[in-house]
Structure formats: C-alpha cells, structure tokens
$ cat my_file.json   # JSON, C-alpha atoms and all ligand atoms
[["chain", "number", "residue", "atom", "x", "y", "z"],
["A", 5, "MET", "CA", 9.16, -8.23, -17.49],
["A", 6, "LYS", "CA", 9.81, -5.68, -14.76],
["A", 7, "VAL", "CA", 7.14, -5.57, -12.03],
["A", 8, "PHE", "CA", 6.44, -2.76, -9.57],
["A", 9, "VAL", "CA", 4.16, -3.34, -6.61],
["A", 10, "ILE", "CA", 2.38, -0.31, -5.19],
["A", 11, "SER", "CA", 0.63, -0.34, -1.83],
["A", 12, "LEU", "CA", -1.88, 2.49, -1.67],
["A", 13, "GLY", "CA", -3.04, 3.25, 1.86],
["A", 14, "GLY", "CA", -6.79, 3.56, 2.21],
["A", 15, "SER", "CA", -6.35, 7.16, 3.35],
["A", 16, "VAL", "CA", -4.90, 7.98, -0.09],
["A", 17, "VAL", "CA", -7.92, 6.83, -2.11],
["A", 18, "THR", "CA", -10.83, 7.30, 0.28],
["A", 19, "GLU", "CA", -12.65, 10.41, 1.36],
["A", 20, "ASP", "CA", -16.41, 10.48, 1.82],
["A", 21, "PRO", "CA", -16.46, 8.07, 0.11],
["A", 22, "LEU", "CA", -13.66, 8.31, -2.51],
["A", 23, "ASP", "CA", -11.12, 10.87, -3.76],
["A", 24, "MET", "CA", -12.23, 10.56, -7.39],
["A", 25, "LYS", "CA", -9.86, 13.30, -8.62],
["A", 26, "PHE", "CA", -6.85, 11.41, -7.26],
["A", 27, "ILE", "CA", -8.13, 8.01, -8.47],
["A", 28, "GLY", "CA", -8.57, 9.45, -11.98],
["A", 29, "THR", "CA", -5.09, 11.00, -12.18],
["A", 30, "PHE", "CA", -3.44, 7.96, -10.58],
["A", 31, "GLY", "CA", -5.21, 5.71, -13.11],
["A", 32, "ARG", "CA", -4.02, 7.86, -16.02],
["A", 33, "MET", "CA", -0.45, 7.84, -14.70],
["A", 34, "ILE", "CA", -0.33, 4.03, -14.44],
["A", 35, "SER", "CA", -2.05, 3.64, -17.83],
["A", 36, "SER", "CA", 0.58, 5.87, -19.48],
["A", 37, "MET", "CA", 3.60, 3.98, -18.09],
["A", 38, "PRO", "CA", 5.91, 2.13, -20.55],
["A", 39, "LYS", "CA", 4.17, -0.98, -21.85],
["A", 40, "ASP", "CA", 7.01, -3.29, -20.80],
["A", 41, "LEU", "CA", 6.27, -2.63, -17.12],
["A", 42, "LYS", "CA", 3.73, -4.55, -15.04],
["A", 43, "PHE", "CA", 2.02, -3.32, -11.90],
["A", 44, "GLY", "CA", 0.53, -5.03, -8.87],
["A", 45, "ILE", "CA", -1.48, -2.51, -6.88],
["A", 46, "VAL", "CA", -2.83, -3.24, -3.39],
["A", 47, "ILE", "CA", -5.47, -0.88, -2.00],
["A", 48, "GLY", "CA", -6.23, -0.27, 1.68],
["A", 49, "GLY", "CA", -9.59, 0.06, 3.39],
["A", 50, "GLY", "CA", -9.40, 3.68, 4.58],
["A", 51, "LYS", "CA", -12.48, 5.38, 6.01],
["A", 52, "LEU", "CA", -14.85, 2.72, 4.71],
["A", 53, "ALA", "CA", -13.06, -0.02, 6.67],
["A", 54, "ARG", "CA", -12.52, 2.13, 9.75],
["A", 55, "SER", "CA", -16.14, 3.29, 10.07],
["A", 56, "TYR", "CA", -17.54, -0.22, 9.69],
["A", 57, "ILE", "CA", -14.99, -1.77, 12.05],
["A", 58, "LYS", "CA", -15.55, 0.94, 14.69],
["A", 59, "ALA", "CA", -19.36, 0.61, 14.63],
["A", 60, "LEU", "CA", -19.27, -3.19, 14.78],
["A", 61, "ARG", "CA", -16.49, -3.36, 17.41],
["A", 62, "GLU", "CA", -18.52, -1.11, 19.71],
["A", 63, "SER", "CA", -21.30, -3.70, 19.50],
["A", 64, "GLY", "CA", -18.92, -6.48, 20.51],
["A", 65, "VAL", "CA", -18.41, -8.13, 17.12],
["A", 66, "ASN", "CA", -15.64, -10.75, 16.97],
["A", 67, "GLU", "CA", -12.22, -9.43, 15.74],
["A", 68, "ASN", "CA", -11.96, -12.06, 13.02],
["A", 69, "ILE", "CA", -15.26, -10.93, 11.54],
["A", 70, "LEU", "CA", -14.09, -7.31, 11.80],
["A", 71, "ASP", "CA", -11.06, -8.27, 9.71],
["A", 72, "GLU", "CA", -13.38, -9.88, 7.14],
["A", 73, "VAL", "CA", -15.40, -6.66, 7.03],
["A", 74, "GLY", "CA", -12.14, -4.71, 6.56],
["A", 75, "ILE", "CA", -11.11, -7.05, 3.73],
["A", 76, "ASN", "CA", -14.41, -6.45, 1.96],
["A", 77, "ALA", "CA", -13.85, -2.69, 2.25],
["A", 78, "THR", "CA", -10.37, -3.00, 0.69],
["A", 79, "ARG", "CA", -11.85, -5.02, -2.19],
["A", 80, "MET", "CA", -14.54, -2.43, -2.83],
["A", 81, "ASN", "CA", -11.85, 0.27, -2.98],
["A", 82, "ALA", "CA", -9.71, -1.95, -5.22],
["A", 83, "LEU", "CA", -12.56, -2.40, -7.70],
["A", 84, "ALA", "CA", -13.14, 1.36, -7.71],
["A", 85, "VAL", "CA", -9.47, 2.00, -8.55],
["A", 86, "SER", "CA", -9.09, -0.77, -11.15],
["A", 87, "THR", "CA", -11.95, 0.76, -13.16],
["A", 88, "PHE", "CA", -9.70, 3.75, -13.92],
["A", 89, "ILE", "CA", -6.62, 1.82, -15.10],
["A", 90, "GLU", "CA", -6.28, 0.55, -18.66],
["A", 91, "ASP", "CA", -5.61, -3.15, -19.14],
["A", 92, "SER", "CA", -6.43, -4.06, -15.54],
["A", 93, "ASN", "CA", -8.64, -6.66, -13.88],
["A", 94, "THR", "CA", -12.34, -6.12, -13.14],
["A", 95, "LYS", "CA", -12.59, -9.16, -10.85],
["A", 96, "ILE", "CA", -10.65, -8.57, -7.65],
["A", 97, "PRO", "CA", -8.37, -11.52, -6.77],
["A", 98, "THR", "CA", -8.82, -12.93, -3.26],
["A", 99, "THR", "CA", -5.33, -14.42, -2.89],
["A", 100, "VAL", "CA", -1.80, -13.39, -3.84],
["A", 101, "ASN", "CA", -1.61, -16.59, -5.89],
["A", 102, "GLU", "CA", -4.64, -15.58, -7.94],
["A", 103, "ALA", "CA", -3.27, -12.06, -8.39],
["A", 104, "ALA", "CA", 0.05, -13.45, -9.67],
["A", 105, "GLU", "CA", -1.84, -15.65, -12.16],
["A", 106, "MET", "CA", -3.89, -12.66, -13.33],
["A", 107, "MET", "CA", -0.67, -10.78, -14.04],
["A", 108, "ARG", "CA", -0.11, -13.11, -16.98],
["A", 109, "ILE", "CA", -3.27, -11.65, -18.54],
["A", 110, "TYR", "CA", -3.33, -8.03, -17.44],
["A", 111, "ARG", "CA", -0.60, -5.41, -17.37],
["A", 112, "CYS", "CA", -1.92, -4.17, -14.06],
["A", 113, "VAL", "CA", -3.61, -6.20, -11.33],
["A", 114, "VAL", "CA", -5.41, -4.38, -8.52],
["A", 115, "MET", "CA", -6.35, -6.16, -5.29],
["A", 116, "GLY", "CA", -7.25, -5.56, -1.64],
["A", 117, "GLY", "CA", -6.83, -7.80, 1.39],
["A", 118, "THR", "CA", -6.62, -11.57, 1.48],
["A", 119, "GLU", "CA", -7.30, -13.09, 4.90],
["A", 120, "PRO", "CA", -7.76, -11.98, 8.55],
["A", 121, "GLY", "CA", -4.80, -11.24, 10.80],
["A", 122, "HIS", "CA", -2.76, -8.81, 8.76],
["A", 123, "THR", "CA", -3.11, -5.62, 6.70],
["A", 124, "THR", "CA", -2.69, -4.78, 3.04],
["A", 125, "ASP", "CA", 0.98, -3.91, 3.80],
["A", 126, "THR", "CA", 1.64, -7.62, 4.21],
["A", 127, "VAL", "CA", -0.39, -8.45, 1.09],
["A", 128, "SER", "CA", 1.72, -6.02, -0.94],
["A", 129, "ALA", "CA", 5.01, -7.48, 0.37],
["A", 130, "LEU", "CA", 3.81, -11.01, -0.45],
["A", 131, "LEU", "CA", 2.72, -9.92, -3.92],
["A", 132, "ALA", "CA", 6.11, -8.28, -4.52],
["A", 133, "GLU", "CA", 7.88, -11.45, -3.34],
["A", 134, "ARG", "CA", 5.70, -13.70, -5.46],
["A", 135, "THR", "CA", 6.01, -11.67, -8.67],
["A", 136, "GLY", "CA", 9.75, -11.04, -8.28],
["A", 137, "ALA", "CA", 9.30, -7.28, -7.93],
["A", 138, "LYS", "CA", 12.48, -5.61, -6.68],
["A", 139, "VAL", "CA", 10.70, -2.46, -5.51],
["A", 140, "LEU", "CA", 7.61, -1.98, -3.36],
["A", 141, "ILE", "CA", 6.25, 1.56, -3.36],
["A", 142, "ASN", "CA", 4.23, 2.36, -0.25],
["A", 143, "GLY", "CA", 1.99, 5.39, -0.81],
["A", 144, "THR", "CA", 0.98, 6.75, 2.60],
["A", 145, "SER", "CA", -0.64, 9.87, 4.09],
["A", 146, "VAL", "CA", 2.76, 11.44, 4.91],
["A", 147, "THR", "CA", 5.94, 12.05, 2.85],
["A", 148, "GLY", "CA", 8.00, 9.16, 4.27],
["A", 149, "VAL", "CA", 9.05, 7.59, 7.55],
["A", 150, "TYR", "CA", 9.51, 10.05, 10.43],
["A", 151, "GLU", "CA", 11.36, 9.72, 13.73],
["A", 152, "ARG", "CA", 8.04, 10.40, 15.47],
["A", 153, "ASP", "CA", 4.45, 10.63, 14.19],
["A", 154, "PRO", "CA", 4.46, 13.90, 12.18],
["A", 155, "ARG", "CA", 0.71, 14.28, 12.66],
["A", 156, "LYS", "CA", 1.28, 14.54, 16.42],
["A", 157, "TYR", "CA", 4.72, 16.21, 16.58],
["A", 158, "ARG", "CA", 5.13, 19.21, 14.27],
["A", 159, "ASN", "CA", 8.93, 19.19, 14.49],
["A", 160, "ALA", "CA", 9.32, 15.49, 13.70],
["A", 161, "LYS", "CA", 12.12, 14.87, 11.19],
["A", 162, "GLN", "CA", 11.81, 12.63, 8.14],
["A", 163, "ILE", "CA", 14.37, 9.86, 7.76],
["A", 164, "ARG", "CA", 15.79, 9.42, 4.23],
["A", 165, "LYS", "CA", 17.22, 5.89, 4.50],
["A", 166, "LEU", "CA", 16.59, 2.97, 6.84],
["A", 167, "SER", "CA", 17.91, -0.57, 7.02],
["A", 168, "TYR", "CA", 15.35, -3.39, 7.27],
["A", 169, "ASP", "CA", 16.34, -3.98, 10.89],
["A", 170, "GLU", "CA", 15.97, -0.31, 11.82],
["A", 171, "ALA", "CA", 12.54, -0.21, 10.14],
["A", 172, "ILE", "CA", 11.44, -3.42, 11.91],
["A", 173, "LYS", "CA", 12.53, -1.98, 15.29],
["A", 174, "MET", "CA", 10.60, 1.25, 14.65],
["A", 175, "SER", "CA", 7.51, -0.62, 13.50],
["A", 176, "MET", "CA", 7.61, -2.88, 16.57],
["A", 177, "GLU", "CA", 7.94, 0.08, 18.92],
["A", 178, "GLY", "CA", 5.07, 1.87, 17.16],
["A", 179, "SER", "CA", 2.81, -1.17, 17.45],
["A", 180, "LEU", "CA", 3.03, -1.36, 21.24],
["A", 181, "GLY", "CA", 0.52, 1.24, 22.46],
["A", 182, "ALA", "CA", -3.24, 1.16, 21.92],
["A", 183, "GLY", "CA", -4.38, 2.28, 18.47],
["A", 184, "PRO", "CA", -1.16, 1.53, 16.56],
["A", 185, "SER", "CA", 0.00, 4.05, 14.01],
["A", 186, "VAL", "CA", 2.96, 2.63, 12.12],
["A", 187, "PHE", "CA", 4.22, 3.29, 8.60],
["A", 188, "MET", "CA", 4.22, -0.48, 7.77],
["A", 189, "ASP", "CA", 3.53, -3.58, 9.78],
["A", 190, "VAL", "CA", 6.38, -5.80, 10.98],
["A", 191, "THR", "CA", 5.39, -8.82, 8.87],
["A", 192, "SER", "CA", 5.58, -6.85, 5.64],
["A", 193, "LEU", "CA", 9.05, -5.55, 6.56],
["A", 194, "ALA", "CA", 10.24, -9.05, 7.46],
["A", 195, "ILE", "CA", 9.05, -10.37, 4.09],
["A", 196, "ALA", "CA", 10.81, -7.52, 2.27],
["A", 197, "LYS", "CA", 13.99, -8.26, 4.22],
["A", 198, "ARG", "CA", 14.06, -11.98, 3.46],
["A", 199, "SER", "CA", 13.64, -11.36, -0.27],
["A", 200, "GLY", "CA", 15.66, -8.14, -0.56],
["A", 201, "ILE", "CA", 12.71, -6.05, -1.79],
["A", 202, "ARG", "CA", 13.47, -2.34, -1.54],
["A", 203, "ILE", "CA", 10.63, -0.36, -0.01],
["A", 204, "GLU", "CA", 10.09, 3.26, -1.02],
["A", 205, "VAL", "CA", 7.75, 5.10, 1.35],
["A", 206, "ILE", "CA", 6.25, 8.23, -0.22],
["A", 207, "HIS", "CA", 3.23, 10.49, 0.02],
["A", 208, "GLY", "CA", 0.60, 8.50, -1.83],
["A", 209, "LYS", "CA", -0.94, 11.51, -3.58],
["A", 210, "ASP", "CA", 2.38, 12.83, -4.95],
["A", 211, "LEU", "CA", 2.43, 11.41, -8.48],
["A", 212, "ASP", "CA", 5.92, 12.79, -9.23],
["A", 213, "GLN", "CA", 7.38, 10.50, -6.59],
["A", 214, "TYR", "CA", 5.98, 7.37, -8.29],
["A", 215, "ARG", "CA", 7.30, 8.59, -11.66],
["A", 216, "LYS", "CA", 10.77, 9.17, -10.22],
["A", 217, "ILE", "CA", 10.98, 5.80, -8.48],
["A", 218, "ILE", "CA", 9.77, 3.93, -11.57],
["A", 219, "ALA", "CA", 12.32, 5.82, -13.72],
["A", 220, "GLY", "CA", 15.07, 4.93, -11.20],
["A", 221, "GLU", "CA", 15.58, 8.55, -10.13],
["A", 222, "GLU", "CA", 16.08, 10.11, -6.69],
["A", 223, "HIS", "CA", 12.91, 10.85, -4.75],
["A", 224, "THR", "CA", 12.12, 12.67, -1.52],
["A", 225, "GLY", "CA", 10.54, 9.83, 0.47],
["A", 226, "THR", "CA", 12.22, 7.18, 2.65],
["A", 227, "SER", "CA", 14.07, 4.13, 1.25],
["A", 228, "ILE", "CA", 14.19, 0.92, 3.27],
["A", 229, "SER", "CA", 16.76, -1.60, 2.05],
["B", 301, "LIG", "P1", -5.77, -1.87, 5.65],
["B", 301, "LIG", "O1", -4.64, -2.61, 5.10],
["B", 301, "LIG", "O2", -6.27, -0.68, 4.94],
["B", 301, "LIG", "O3", -5.47, -1.58, 7.17],
["B", 301, "LIG", "O4", -6.99, -2.90, 5.87],
["B", 301, "LIG", "P2", -4.92, -0.37, 7.99],
["B", 301, "LIG", "O5", -3.44, -0.38, 7.95],
["B", 301, "LIG", "O6", -5.61, -0.52, 9.32],
["B", 301, "LIG", "O7", -5.51, 0.92, 7.28],
["B", 301, "LIG", "P3", -4.93, 2.15, 6.46],
["B", 301, "LIG", "O8", -3.48, 1.90, 6.13],
["B", 301, "LIG", "O9", -5.15, 3.31, 7.38],
["B", 301, "LIG", "O10", -5.81, 2.17, 5.25],
["B", 301, "LIG", "C1", -8.16, -2.52, 6.58],
["B", 301, "LIG", "C2", -8.52, -3.60, 7.56],
["B", 301, "LIG", "O11", -8.91, -4.80, 6.87],
["B", 301, "LIG", "C3", -8.45, -5.96, 7.53],
["B", 301, "LIG", "C4", -7.79, -5.47, 8.82],
["B", 301, "LIG", "O12", -8.77, -5.44, 9.83],
["B", 301, "LIG", "C5", -7.38, -4.05, 8.46],
["B", 301, "LIG", "O13", -7.24, -3.22, 9.60],
["B", 301, "LIG", "N1", -7.55, -6.75, 6.63],
["B", 301, "LIG", "C6", -6.99, -6.17, 5.53],
["B", 301, "LIG", "C7", -7.31, -8.08, 6.90],
["B", 301, "LIG", "O14", -7.78, -8.63, 7.89],
["B", 301, "LIG", "N2", -6.54, -8.80, 6.02],
["B", 301, "LIG", "C8", -5.99, -8.26, 4.91],
["B", 301, "LIG", "O15", -5.30, -8.98, 4.13],
["B", 301, "LIG", "C9", -6.20, -6.89, 4.67]]
$ encode --input "my_file.json" --output "structure tokens"
Amino acid sequence: MKVFVISLGGSVVTEDPLDMKFIGTFGRMISSMPKDLKFGIVIGGGKLARSYIKALRESGVNENILDEVGINATRMNALAVSTFIEDSNTKIPTTVNEAAEMMRIYRCVVMGGTEPGHTTDTVSALLAERTGAKVLINGTSVTGVYERDPRKYRNAKQIRKLSYDEAIKMSMEGSLGAGPSVFMDVTSLAIAKRSGIRIEVIHGKDLDQYRKIIAGEEHTGTSIS
C-alpha cells in the first residue's frame, strides 16, 4: 500500500479560528483519492498555538509547558480536519507509533504533535519514516523554499530543487536569529535524509499541487531529495 504523509502548517488551516472553506475542500480532495492510497496527515498549531504560547510566555510560563499547550492546539486542529475526511480517525493519536497502528484501520490518519522539544515538521518526518512513505508533502504559507524570506523580501527567488544538505544548511542558518522562521526544522530534514524521504514543499492551500505530486507529475514547489 502506497502511503503519502502530508504536513499541513497551522497557518494553512487556521484563521480566526479556522479556514473552514479550505478544510472542507481539502477533506473532499483526500476523500476522493484512489482507494489504494493511504494518508498520514500532521496538522500544525497555527494561530491557536501562537496566541496561547505568546500570552503564557509573557507571564513567565515554563517553555516545556508552552510546548504542551502548543501540542494541545495542534491536536484540536487535527480533530477539526479529520472530521472532514472520509475513513479517518476521530481519536487523535498521541504518538507516531499509535498513528502507524491506526493506519491499519483507517485509510487516512490525522494527528498533531507528540511531545515537547520539536514541531509537527519532525512528527511528519517520523511518521513518513515509520510508515515507509517515500514522499512527504509539506504544505506551507508560501509556494516553496526561497533564498530569503519572501514575506520580508519581495524579490526573493524560489528554489526548485535542493539537496538534503543544502536544505539542512539553510534551515540551520534560518534558526539562528530570534523568532526563527524556517521552512522546516533541521531534525525533520535529517530524518528525511537518513531514510531517503523526498520532501515536496508547496503552498498548502493550492490543491492542484497535492494532486500533481500524488499523481507523480511535475509541480511548482520545491523538491528536497
Ligand atoms: P507547530 O508544529 O505548528 O509549530 O506546533 P510551528 O512550526 O511553530 O508553527 P506553524 O508551522 O507556524 O504552524 C506548534 C507548537 O506546539 C509545540 C511547539 O511549541 C510548537 O511551536 N509542539 C508541537 C511540540 O512541542 N511538539 C510537537 O510534537 C508539536
């Protein structure tokens, strides 16, 4: 059975509070995919996580607890999304192991974070590794990986292909300053590298890009391999 893992950044599914139009169309797209495909979908925390973490951090709350709060936000978003996908779980798994087990039952398993210290990028790479997925689709708020942050630099150019090592170097450089803004964290890239999982970074709201990648066609995002 062929498995695709999709990491959906929180910014793709959340608004104030949720982008219900997108969640509905995304759910219909996954539900209509060929029945011999399985999906593991990992949802980020988005605005819900950010607003809670910001408020609590300003009051001096411990970083580990902030991560736990973020994890709960990702799970709430995951439950919201799973509701709109046919043949998917309604109990959100708390570990990658549990998610992999659930994949024996459901065609699509939706989850959020697992434990403090990393982001849902790492969860999605671990889920891809565990389930033997060859491709990890990372749906973000921009159309791929750029030389510089396209939200800050209007002329920033998108990169079409990156090696794992180039991507790891870029992610490390982007993580240095305060308030990191990187396309994927270093741990997730290192996991993809060790297991040869191709990462396709696309705009998370562009449904055509998912369709093309799943059909094995060219897309306009960034491939990391
Ligand atoms: P996200 O994965 O959404 O983090 O998890 P992010 O990259 O900061 O946010 P996006 O990409 O803009 O949506 C939200 C927060 O939840 C905690 C972290 O604090 C993270 O910043 N988290 C998430 C964990 O501690 N462990 C996990 O496995 C997942």
$ residues_near_ligand --input "my_file.json" --ligand "ligand LIG 301 (chain B)" --cutoff "8 Å" --atoms "all atoms listed in the file" --output "ChimeraX atom specification"
/A:12-16,47-51,53-54,57,67-68,70-78,116-127,144,188-189
$ atom_distance --input "my_file.json" --atom1 "CA of Gly178 (chain A)" --atom2 "CA of Pro154 (chain A)"
13.0 Å
$ residues_around --input "my_file.json" --residues "Asp40 (chain A)" --least-positions-apart "5" --cutoff "12 Å" --atoms "all atoms listed in the file" --output "PyMOL selection string"
chain A and resi 5-8+35+110-112
$ atom_distance --input "my_file.json" --atom1 "CA of Ile218 (chain A)" --atom2 "CA of Pro21 (chain A)"
29.0 Å
$ residues_around --input "my_file.json" --residues "Ile201 (chain A)" --least-positions-apart "5" --cutoff "6 Å" --atoms "only C-alpha atoms" --output "mmCIF file with C-alpha atoms, in the coordinates of the input"
data_model
loop_
_atom_site.group_PDB
_atom_site.id
_atom_site.type_symbol
_atom_site.label_atom_id
_atom_site.label_comp_id
_atom_site.auth_asym_id
_atom_site.auth_seq_id
_atom_site.Cartn_x
_atom_site.Cartn_y
_atom_site.Cartn_z
ATOM 1 C CA LYS A 138 12.480 -5.610 -6.680
ATOM 2 C CA VAL A 139 10.700 -2.460 -5.510
ATOM 3 C CA ALA A 196 10.810 -7.520 2.270
#
$ closest_residue --input "my_file.json" --among "A:Lys42, A:Arg158, A:Lys197, A:Arg61" --to "Ile172 (chain A)" --atoms "all atoms listed in the file"
A:Lys197
$ atom_distance --input "my_file.json" --atom1 "CA of Thr87 (chain A)" --atom2 "CA of Lys39 (chain A)"
18.4 Å
$ closest_residue --input "my_file.json" --among "A:Ala219, A:Leu131, A:Ala103, A:Met80" --to "Ile195 (chain A)" --atoms "all atoms listed in the file"
A:Leu131
$ closest_residue --input "my_file.json" --among "A:Arg164, A:Asn159, A:Met33, A:Thr191" --to "Glu222 (chain A)" --atoms "only C-alpha atoms"
A:Arg164
$ closest_atom_pairs --input "my_file.json" --of "region 37-71 of chain A" --to "region 212-216 of chain A" --cutoff "12 Å" --atoms "all atoms listed in the file" --output "CSV"
residue,atom,partner,partner_atom,distance
A:Met37,CA,A:Arg215,CA,8.7
A:Pro38,CA,A:Arg215,CA,11.1
A:Phe43,CA,A:Tyr214,CA,12.0
$ residues_around --input "my_file.json" --residues "region 146-148 of chain A" --least-positions-apart "4" --cutoff "7 Å" --atoms "all atoms listed in the file" --output "list in words"
Gln162, Val205, Ile206, His207, Gly225 and Thr226 of chain A
$ residues_around --input "my_file.json" --residues "Arg134 (chain A)" --least-positions-apart "2" --cutoff "10 Å" --atoms "all atoms listed in the file" --output "list in words"
Val100, Asn101, Ala103, Ala104, Ser128, Ala129, Leu130, Leu131, Ala132, Gly136, Ala137 and Ser199 of chain A
$ write_last_selection --input "my_file.json" --atoms "C-alpha atoms" --output "PDB file, in the frame of the given file"
ATOM      1  CA  VAL A 100      -1.800 -13.390  -3.840  1.00  0.00           C
ATOM      2  CA  ASN A 101      -1.610 -16.590  -5.890  1.00  0.00           C
ATOM      3  CA  ALA A 103      -3.270 -12.060  -8.390  1.00  0.00           C
ATOM      4  CA  ALA A 104       0.050 -13.450  -9.670  1.00  0.00           C
ATOM      5  CA  SER A 128       1.720  -6.020  -0.940  1.00  0.00           C
ATOM      6  CA  ALA A 129       5.010  -7.480   0.370  1.00  0.00           C
ATOM      7  CA  LEU A 130       3.810 -11.010  -0.450  1.00  0.00           C
ATOM      8  CA  LEU A 131       2.720  -9.920  -3.920  1.00  0.00           C
ATOM      9  CA  ALA A 132       6.110  -8.280  -4.520  1.00  0.00           C
ATOM     10  CA  GLY A 136       9.750 -11.040  -8.280  1.00  0.00           C
ATOM     11  CA  ALA A 137       9.300  -7.280  -7.930  1.00  0.00           C
ATOM     12  CA  SER A 199      13.640 -11.360  -0.270  1.00  0.00           C
TER      13      SER A 199
END
$ residues_around --input "my_file.json" --residues "Glu170 (chain A)" --least-positions-apart "6" --cutoff "12 Å" --atoms "all atoms listed in the file" --output "PyMOL selection string"
chain A and resi 149+151+163+176-177+190+193-194+197+227-229
$ closest_residue --input "my_file.json" --among "A:Val114, A:Val17, A:Phe26, A:Val85" --to "Gly44 (chain A)" --atoms "only C-alpha atoms"
A:Val114
$ closest_residue --input "my_file.json" --among "A:Thr29, A:Ser167, A:Thr18, A:Ser11" --to "Val113 (chain A)" --atoms "only C-alpha atoms"
A:Ser11
$ decode --input "my_file.json" --residues "region 90-109 of chain A" --atoms "N, CA, C and O atoms" --output "PDB file, in the first residue's frame"
ATOM      1  N   GLU A  90     -13.213  11.358   4.837  1.00  0.00           N
ATOM      2  CA  GLU A  90     -13.855  10.035   4.932  1.00  0.00           C
ATOM      3  C   GLU A  90     -12.851   8.985   5.383  1.00  0.00           C
ATOM      4  O   GLU A  90     -11.679   9.057   5.020  1.00  0.00           O
ATOM      5  N   ASP A  91     -13.325   8.002   6.113  1.00  0.00           N
ATOM      6  CA  ASP A  91     -12.498   6.887   6.558  1.00  0.00           C
ATOM      7  C   ASP A  91     -11.228   7.362   7.277  1.00  0.00           C
ATOM      8  O   ASP A  91     -10.115   6.944   6.968  1.00  0.00           O
ATOM      9  N   SER A  92     -11.432   8.289   8.219  1.00  0.00           N
ATOM     10  CA  SER A  92     -10.291   8.772   9.018  1.00  0.00           C
ATOM     11  C   SER A  92     -10.625   8.642  10.504  1.00  0.00           C
ATOM     12  O   SER A  92     -11.783   8.440  10.878  1.00  0.00           O
ATOM     13  N   ASN A  93      -9.610   8.776  11.323  1.00  0.00           N
ATOM     14  CA  ASN A  93      -9.747   8.610  12.774  1.00  0.00           C
ATOM     15  C   ASN A  93     -10.487   9.775  13.433  1.00  0.00           C
ATOM     16  O   ASN A  93     -10.347  10.923  13.006  1.00  0.00           O
ATOM     17  N   THR A  94     -11.224   9.469  14.521  1.00  0.00           N
ATOM     18  CA  THR A  94     -11.852  10.551  15.291  1.00  0.00           C
ATOM     19  C   THR A  94     -11.191  10.680  16.664  1.00  0.00           C
ATOM     20  O   THR A  94     -11.523  11.565  17.433  1.00  0.00           O
ATOM     21  N   LYS A  95     -10.255   9.757  16.960  1.00  0.00           N
ATOM     22  CA  LYS A  95      -9.447   9.908  18.179  1.00  0.00           C
ATOM     23  C   LYS A  95      -8.050  10.268  17.665  1.00  0.00           C
ATOM     24  O   LYS A  95      -7.517   9.584  16.788  1.00  0.00           O
ATOM     25  N   ILE A  96      -7.492  11.344  18.178  1.00  0.00           N
ATOM     26  CA  ILE A  96      -6.203  11.797  17.656  1.00  0.00           C
ATOM     27  C   ILE A  96      -5.061  11.053  18.354  1.00  0.00           C
ATOM     28  O   ILE A  96      -4.945  11.100  19.590  1.00  0.00           O
ATOM     29  N   PRO A  97      -4.226  10.328  17.586  1.00  0.00           N
ATOM     30  CA  PRO A  97      -3.126   9.589  18.209  1.00  0.00           C
ATOM     31  C   PRO A  97      -2.122  10.523  18.869  1.00  0.00           C
ATOM     32  O   PRO A  97      -1.914  11.649  18.393  1.00  0.00           O
ATOM     33  N   THR A  98      -1.511  10.079  19.953  1.00  0.00           N
ATOM     34  CA  THR A  98      -0.573  10.941  20.678  1.00  0.00           C
ATOM     35  C   THR A  98       0.886  10.577  20.396  1.00  0.00           C
ATOM     36  O   THR A  98       1.789  11.263  20.854  1.00  0.00           O
ATOM     37  N   THR A  99       1.104   9.478  19.681  1.00  0.00           N
ATOM     38  CA  THR A  99       2.463   9.096  19.300  1.00  0.00           C
ATOM     39  C   THR A  99       2.461   8.657  17.826  1.00  0.00           C
ATOM     40  O   THR A  99       1.410   8.290  17.280  1.00  0.00           O
ATOM     41  N   VAL A 100       3.643   8.657  17.243  1.00  0.00           N
ATOM     42  CA  VAL A 100       3.789   8.193  15.857  1.00  0.00           C
ATOM     43  C   VAL A 100       3.474   6.687  15.791  1.00  0.00           C
ATOM     44  O   VAL A 100       2.856   6.201  14.850  1.00  0.00           O
ATOM     45  N   ASN A 101       3.864   5.985  16.853  1.00  0.00           N
ATOM     46  CA  ASN A 101       3.600   4.554  16.929  1.00  0.00           C
ATOM     47  C   ASN A 101       2.094   4.271  16.851  1.00  0.00           C
ATOM     48  O   ASN A 101       1.630   3.428  16.082  1.00  0.00           O
ATOM     49  N   GLU A 102       1.342   5.030  17.644  1.00  0.00           N
ATOM     50  CA  GLU A 102      -0.116   4.853  17.666  1.00  0.00           C
ATOM     51  C   GLU A 102      -0.720   5.218  16.303  1.00  0.00           C
ATOM     52  O   GLU A 102      -1.623   4.530  15.804  1.00  0.00           O
ATOM     53  N   ALA A 103      -0.185   6.275  15.692  1.00  0.00           N
ATOM     54  CA  ALA A 103      -0.696   6.684  14.379  1.00  0.00           C
ATOM     55  C   ALA A 103      -0.449   5.580  13.351  1.00  0.00           C
ATOM     56  O   ALA A 103      -1.318   5.258  12.537  1.00  0.00           O
ATOM     57  N   ALA A 104       0.746   4.979  13.396  1.00  0.00           N
ATOM     58  CA  ALA A 104       1.075   3.909  12.450  1.00  0.00           C
ATOM     59  C   ALA A 104       0.138   2.711  12.654  1.00  0.00           C
ATOM     60  O   ALA A 104      -0.317   2.094  11.687  1.00  0.00           O
ATOM     61  N   GLU A 105      -0.166   2.396  13.910  1.00  0.00           N
ATOM     62  CA  GLU A 105      -1.107   1.303  14.197  1.00  0.00           C
ATOM     63  C   GLU A 105      -2.491   1.628  13.633  1.00  0.00           C
ATOM     64  O   GLU A 105      -3.157   0.778  13.059  1.00  0.00           O
ATOM     65  N   MET A 106      -2.917   2.876  13.820  1.00  0.00           N
ATOM     66  CA  MET A 106      -4.251   3.291  13.349  1.00  0.00           C
ATOM     67  C   MET A 106      -4.363   3.206  11.836  1.00  0.00           C
ATOM     68  O   MET A 106      -5.455   3.061  11.297  1.00  0.00           O
ATOM     69  N   MET A 107      -3.219   3.307  11.154  1.00  0.00           N
ATOM     70  CA  MET A 107      -3.249   3.239   9.688  1.00  0.00           C
ATOM     71  C   MET A 107      -3.673   1.869   9.182  1.00  0.00           C
ATOM     72  O   MET A 107      -4.033   1.715   8.029  1.00  0.00           O
ATOM     73  N   ARG A 108      -3.601   0.875  10.054  1.00  0.00           N
ATOM     74  CA  ARG A 108      -4.088  -0.453   9.643  1.00  0.00           C
ATOM     75  C   ARG A 108      -5.612  -0.438   9.543  1.00  0.00           C
ATOM     76  O   ARG A 108      -6.204  -1.254   8.862  1.00  0.00           O
ATOM     77  N   ILE A 109      -6.241   0.468  10.306  1.00  0.00           N
ATOM     78  CA  ILE A 109      -7.705   0.516  10.369  1.00  0.00           C
ATOM     79  C   ILE A 109      -8.279   1.548   9.403  1.00  0.00           C
ATOM     80  O   ILE A 109      -9.244   1.280   8.690  1.00  0.00           O
TER      81      ILE A 109
END
